[in-house]
Amino acid sequence: MAKQRGRGMASVNYPTGMNLGGDPSQALIHATTTGSFVVTLSSVDLGQGLKTIMAQICAETLGIPTDNVIVDTADTDTGPHCMGTFASRGTHRIGNAIIMAAKEARAVLLEVAAEELEVNAADLETDGKGNIQIKGSPGKSISVLETALAAHFKHGRTISGRGIFLQPRSYPEPETGRMTPATCYAHACTVAEVEVDTETGEVAVLSLKSAYEVGRALNPRMVEQQIVGGAWMGISHALYETTEPYYPDRAHGPVDFNEYLMPGPGDLPKFENVVIERPAPDGPYGAKGVGEMTANSPIPAIANAIYDAVGVRIDSLPITPEKVLRALKAQAA
Amino acid sequence: MSVALRAAASPREACRHIARRDARLIAGGTLVMNEINNRETVTASLVDLASLRLRSIKIANSRVTLGAMTSMADIAAHPKLKFLKPVVTAIGGPAVRNMATVGGNLHAEAPYGDLGVALLALDARVTLETARQRKTMRLEDFYAQHRKLGAYLVTAVNFALPGANRFFFTKAIRRKPVSASVVAVAAHLPRKGKRLAGPRIALGAMAPHPIRAKAAETALDGKALDETTIAAAASAATEGSAPASDPYASAWYRREIAPVYLARLLAQAAGQKS
Amino acid sequence: MNRIPLRFHLNDAEIGEFIDSGTTLLSLLRDKLGLTATKSGCNQGSCGACTVLINGAPQLSCLVLAARCEGKSVATLEGVSDNGTLHPLQRAFMDGFAAQCGFCTPGMIIAAKALLDRNPDPDRGEVIDAISGNICRCTGYEPIIDAILAAAAEMRGGKRKSA
Ligand SMILES: Cc1cc2nc3c(=O)[nH]c(=O)nc-3n(C[C@H](O)[C@H](O)[C@H](O)COP(=O)(O)OP(=O)(O)OC[C@H]3O[C@@H](n4cnc5c(N)ncnc54)[C@H](O)[C@@H]3O)c2cc1C
Ligand code: FES
Ligand code: FES
């Protein structure tokens with residue numbers, strides 16, 4: 001039995017967001033009379049953790065606890081417009097829109113608090129725990145809840161804010177084709193180690209080691225989890241997933257999740273990840289997008305590792321045992 | 001769609017009922033329910049075998065009798081059936097194993113039917129009832145004939161307990177730890193002295209139902225299990241096979257690796273390093 | 001229509017219902033009883049999102065006719081927490097970032113509970129086997145496996161066995 005090991009690497013530069021007809025997203029924020037703030041979006045959380053990150057960004061900007069932020073993504077008919085959660089754009093685009101909205105709401109919050117405390121709004125600060133106090137004398141303070149009640153019942157004001165982030169459309173220069181499709185790029189490099197069974201063409205991924213430069217990791221555990229989940233998906237694209245296993249012959253397509261192959265919990269390599277933070281100037285608190293790219297670099301890294309192991313180049317996905325075995329036989333012939 | 005479910009009162013009564021075209025037996029339901037949910041079947045009436053007390057494992061005089069409603073999990077948990085554990089724990093996940101039955105597995109089409117592969121290598125006998133009679137036949141004959149039997153119901157399978165370290169099973173899969181067979185190989189390798197005596201090799205996913213690799217058996221019979229014999233058996237492994245292409249593997253690939261998996265299994269049996 | 005009476009034990013309750021005999025347990029739970037923790041991911045037996053315990057053993061509720069549960073005891077995720085106190089598995093999933101979209105989570109927790117009920121000190125391979133019929137599209141399984149091992153360690157009241 002012959003098992004050959006190999007190592008391969010691949011790097012990725014990933015633009016945050018996209019540039020079709022311009023790339024905007026909006027956010028609306030308002031205070032309720034319970035001291036909470038509602039962020040209204042039509043962006044969608046499909047498991048990537050959008051709601052958590054948006055609550056963090058809103059809370060940070062307003063200066064209130066994250067628990068006091070409610071992110072409402074319920075309705076794309078009635079919510080402010082969002083281009084969508086794709087192109088790794090959510091944190092960057094929607095996060096920036098929320099910062100803009102939260103700044104406006106914070107200004108009103110402090111103005112109302114200033115009137116209640118009979119001081120100048122410029123002299124106020126938030127303590128991050130739900131109170132507004134006079135800079136340097138925390139004894140004199142008012143809670144966010146009291147402020148919200150006062151705004152509603154006494155001052156007749158809404159503590160609210162509107163935000164939008166627009167990445168304007170970039171046209172290519174006719175002469176050179178040069179354009180600015182994105183303002184920030186995340187970067188990653190993955191090293192894959194594989195073992196190839198030369199008699200069966202079966203490939204086992206032994207380890208995936210990656211370094212990611214993501215701007216700022218607003219929630220480090222979620223970034224790490226995105227990288228692990230993405231790496232799994234990368235393995236899946238590299239070695240398993242297809243609706244047409246014998247393309248261009250379209251026969252024998254899978255009809256259920258048994259047949260639509262993906263790596264199982266017994267196929268996991270050793271994951272090792274390093275996150276490097278270099279805040280992006282135009283990112284919300286420096287964040288770039290670390291979404292789709294996590295599934296990218298594992299794929300060529302695995303293909304390269306297979307080449308390193310057994311000297312065959314497979315250039316179509318997924319790299320099935322059959323393709324490897326056929327290539328090995330062609331190589332031997 | 002509305003499906004009527006009736007408890008089988010007796011094997012005979014069940015047979016009489018399923019003689020109607022739109023009625024089916026349901027055992028664990030892992031395959032039948034899938035078809036019903038997909039609306040692939042016109043089944044309007046299911047006859048439930050759960051009421052028939054066919055869930056049992058009996059071992060007497062070195063013969064094992066598995067009631068048709070015995071589940072894969074029942075087999076996996078039985079202390080005297082450890083040799084079958086690698087077979088049944090390679091089927092589905094734990095939930096499927098709790099549901100999937102012996103009787104159902106004999107009716108599962110390739111690439112399923114892994115327990116059947118093992119039972120074929122063990123030269124199992126199938127006991128079945130029709131509306132009129134009770135019959136026992138070799139599993140091999142059952143596979144060849146069951147579509148022509150009309151309405152019948154498998155009540156049990158039985159086989160002789162293999163000697164210690166005489167039964168081996170392996171399965172090529174595309175997703176770990178469990179997935180349908182790319183190819184499954186079972187080997188029962190009784191010995192006289194150092195030589196194999198009446199070896200039986202069965203393959204799964206190499207034809208619509210489990211088959212014996214008779215040419216490989218011939219290459220092994222009366223021989224010591226050495227490298228030459230193993231190579232001869234491997235090169236004869238796919239004779240008479242007719243694998244299909246499916247999303248797991250192509251027919252070509254199955255033919256290529258069946259000999260490799262057989263050779264590795266035999267090497268394991270020989271206690272050789274490979 | 002074949003309307004038939006059905007009685008079974010569900011989490012902490014005795015259920016008595018008239019059902020269509022073709023109804024699956026999954027559909028009864030979700031569509032009729034309003035217990036939507038149990039998910040319908042495929043209706044084909046291939047994703048595990050619908051996993052429930054029947055008489056303590058995990059089964060796929062999409063492949064079980066409800067009528068076959070007569071007199072049995074069915075447990076779903078709704079019954080896993082104790083009066084609002086989360087089960088150690090639920091907490092471990094939260095703490096370990098073992099849920100992203102969460103669609104697989106109910107089935108994963110039930111599959112894991114079935115394991116831990118029977119084997120309080122599983123090794124990594126046993127955990128992997130326990131969830132081998134459950135698909136997760138998001139997490140890459142690693143945090144799920146870790147969360148189950150962490151919950152097992154917590155439930156034993158001791159340290160995690162070295163993996
Ligand atoms: C996710 C998943 C994974 C699976 N993985 C595997 C696998 O790895 N290997 C494998 O072999 N199988 C696998 N299967 C297929 C299947 O679960 C098993 O083959 C199982 O043993 C079938 O048994 P059952 O009792 O569920 O059959 P059922 O669905 O109840 O019945 C199947 C067929 O057999 C007939 N039948 C059942 N019992 C009898 C009887 N006593 N007499 C006459 N006819 C009968 C039924 O009428 C029906 O036509 C898998 C299924 C699923 C859903
Ligand atoms: S819904 Fe039952 S297994 Fe997918
Ligand atoms: S968390 Fe999304 S499927 Fe598992």
# chains A, B, ... in the order shown; residues from 1 in each chain; ligands from 1

call {"tool": "interface_residues", "arguments": {"of": "chain A", "to": "chain C", "cutoff": "10 Å", "atoms": "only C-alpha atoms", "output": "MDAnalysis selection string"}}
result
chainID A and resid 45:49 221:222 224:233 235:236 255:260 262:271

call {"tool": "closest_atom_pairs", "arguments": {"of": "chain B", "to": "ligand 2", "cutoff": "12 Å", "atoms": "only C-alpha atoms and all ligand atoms", "output": "tab-separated table"}}
result
residue	atom	partner	partner_atom_place_in_ligand_line	distance
B:Thr30	CA	ligand 2	3 (S)	9.9
B:Leu31	CA	ligand 2	3 (S)	11.9
B:Met33	CA	ligand 2	2 (Fe)	10.4
B:Asn34	CA	ligand 2	2 (Fe)	9.3
B:Asn37	CA	ligand 2	1 (S)	10.3
B:Asn38	CA	ligand 2	1 (S)	12.0
B:Gly92	CA	ligand 2	3 (S)	10.9
B:Gly93	CA	ligand 2	3 (S)	10.4
B:Pro94	CA	ligand 2	3 (S)	11.9
B:Ala95	CA	ligand 2	3 (S)	9.2
B:Val96	CA	ligand 2	3 (S)	9.2

call {"tool": "residues_near_ligand", "arguments": {"ligand": "ligand 1", "cutoff": "6 Å", "atoms": "only C-alpha atoms and all ligand atoms", "output": "JSON, numbers by chain"}}
result
{"B": [24, 25, 26, 27, 28, 29, 30, 31, 32, 68, 90, 91, 92, 96, 99, 100, 101, 102, 103, 104, 105, 107, 108, 112, 113, 114, 115, 153, 154, 155, 179, 180], "C": [45, 46]}

call {"tool": "select_by_dssp", "arguments": {"residues": "segment 10-130 of chain C", "states": "strand (DSSP E or B)", "output": "list in words"}}
result
Leu10, Ala13, Glu14, Ile15, Gly16, Glu17, Phe18, Ile19, Asp20, Thr24, Thr51, Val52, Leu53, Ile54, Ala57, Pro58, Gln59, Leu60, Leu65, Ser73, Val74, Ala75, Asp82 and Thr85 of chain C

call {"tool": "atom_distance", "arguments": {"atom1": "atom CA of Glu140 of chain B", "atom2": "atom CA of Ala202 of chain B"}}
result
10.2 Å

call {"tool": "atom_distance", "arguments": {"atom1": "atom CA of Ala224 of chain B", "atom2": "atom CA of Leu196 of chain B"}}
result
6.2 Å

call {"tool": "residues_around", "arguments": {"residues": "segment 314-324 of chain A", "least_positions_apart": "4", "cutoff": "9 Å", "atoms": "only C-alpha atoms", "output": "PyMOL selection string"}}
result
(chain A and resi 196-198+200-203+236-242+245+299+303-304+306-307+328-329) or (chain B and resi 174+249-250+252-253)

call {"tool": "closest_residue", "arguments": {"among": "C:Ala75, C:Met155, C:Met108, C:Cys50", "to": "ligand 3", "atoms": "only C-alpha atoms and all ligand atoms"}}
result
C:Met108

call {"tool": "atom_distance", "arguments": {"atom1": "atom CA of Asn119 of chain C", "atom2": "atom CA of Ile54 of chain C"}}
result
17.5 Å

call {"tool": "closest_residue", "arguments": {"among": "B:Ala4, B:Leu84, B:Met137, B:Leu122", "to": "chain C", "atoms": "only C-alpha atoms"}}
result
B:Ala4

call {"tool": "select_by_dssp", "arguments": {"residues": "segment 124-273 of chain B", "states": "helix (DSSP H, G or I)", "output": "count of residues only"}}
result
45

call {"tool": "interface_residues", "arguments": {"of": "chain B", "to": "chain A", "cutoff": "12 Å", "atoms": "only C-alpha atoms", "output": "PyMOL selection string"}}
result
chain B and resi 34-35+38+91-93+111-112+172-183+244-261+263-265+267-268+272-274

call {"tool": "write_last_selection", "arguments": {"atoms": "C-alpha atoms", "output": "mmCIF file, in the first residue's frame"}}
result
data_model
loop_
_atom_site.group_PDB
_atom_site.id
_atom_site.type_symbol
_atom_site.label_atom_id
_atom_site.label_comp_id
_atom_site.auth_asym_id
_atom_site.auth_seq_id
_atom_site.Cartn_x
_atom_site.Cartn_y
_atom_site.Cartn_z
ATOM 1 C CA ASN B 34 -37.846 8.099 1.936
ATOM 2 C CA GLU B 35 -39.711 6.975 -1.175
ATOM 3 C CA ASN B 38 -40.330 11.884 -2.196
ATOM 4 C CA ILE B 91 -24.285 1.761 8.096
ATOM 5 C CA GLY B 92 -25.896 5.194 8.449
ATOM 6 C CA GLY B 93 -25.464 7.181 11.625
ATOM 7 C CA PRO B 111 -24.841 0.881 -3.092
ATOM 8 C CA TYR B 112 -26.722 -0.128 0.085
ATOM 9 C CA ALA B 172 -14.593 2.066 0.722
ATOM 10 C CA ILE B 173 -16.476 5.263 1.464
ATOM 11 C CA ARG B 174 -16.418 8.858 0.312
ATOM 12 C CA ARG B 175 -17.316 10.523 3.605
ATOM 13 C CA LYS B 176 -16.049 9.540 7.029
ATOM 14 C CA PRO B 177 -16.998 8.035 9.352
ATOM 15 C CA VAL B 178 -20.015 6.623 7.469
ATOM 16 C CA SER B 179 -21.309 6.730 3.943
ATOM 17 C CA ALA B 180 -22.728 4.397 1.338
ATOM 18 C CA SER B 181 -20.355 1.897 -0.186
ATOM 19 C CA VAL B 182 -18.114 2.694 -3.078
ATOM 20 C CA VAL B 183 -17.388 -0.982 -2.659
ATOM 21 C CA ALA B 244 -23.161 0.925 -11.550
ATOM 22 C CA SER B 245 -22.054 4.528 -11.751
ATOM 23 C CA ASP B 246 -23.590 6.797 -9.133
ATOM 24 C CA PRO B 247 -22.622 10.014 -7.352
ATOM 25 C CA TYR B 248 -20.205 8.119 -5.095
ATOM 26 C CA ALA B 249 -18.163 6.485 -7.834
ATOM 27 C CA SER B 250 -18.199 5.380 -11.436
ATOM 28 C CA ALA B 251 -18.387 1.761 -12.519
ATOM 29 C CA TRP B 252 -14.805 2.123 -13.781
ATOM 30 C CA TYR B 253 -13.576 3.299 -10.394
ATOM 31 C CA ARG B 254 -15.395 0.550 -8.536
ATOM 32 C CA ARG B 255 -13.744 -2.066 -10.753
ATOM 33 C CA GLU B 256 -10.367 -0.445 -10.174
ATOM 34 C CA ILE B 257 -10.491 -0.391 -6.404
ATOM 35 C CA ALA B 258 -12.463 -3.530 -5.563
ATOM 36 C CA PRO B 259 -9.289 -5.612 -6.072
ATOM 37 C CA VAL B 260 -7.283 -3.165 -3.944
ATOM 38 C CA TYR B 261 -9.762 -3.341 -1.071
ATOM 39 C CA ALA B 263 -6.181 -7.446 -1.347
ATOM 40 C CA ARG B 264 -5.899 -5.206 1.707
ATOM 41 C CA LEU B 265 -8.573 -7.149 3.529
ATOM 42 C CA ALA B 267 -3.511 -8.986 3.825
ATOM 43 C CA GLN B 268 -5.132 -7.961 7.104
ATOM 44 C CA GLN B 272 0.697 -9.227 7.072
ATOM 45 C CA LYS B 273 1.886 -5.690 7.177
ATOM 46 C CA SER B 274 0.752 -3.936 4.062
#

call {"tool": "closest_residue", "arguments": {"among": "C:Ala147, C:Val80, C:Cys69, C:Ile110", "to": "Lys39 of chain C", "atoms": "only C-alpha atoms"}}
result
C:Ile110

call {"tool": "closest_residue", "arguments": {"among": "C:Ala49, C:Val64, C:Leu86, C:Ala152", "to": "chain B", "atoms": "only C-alpha atoms"}}
result
C:Val64
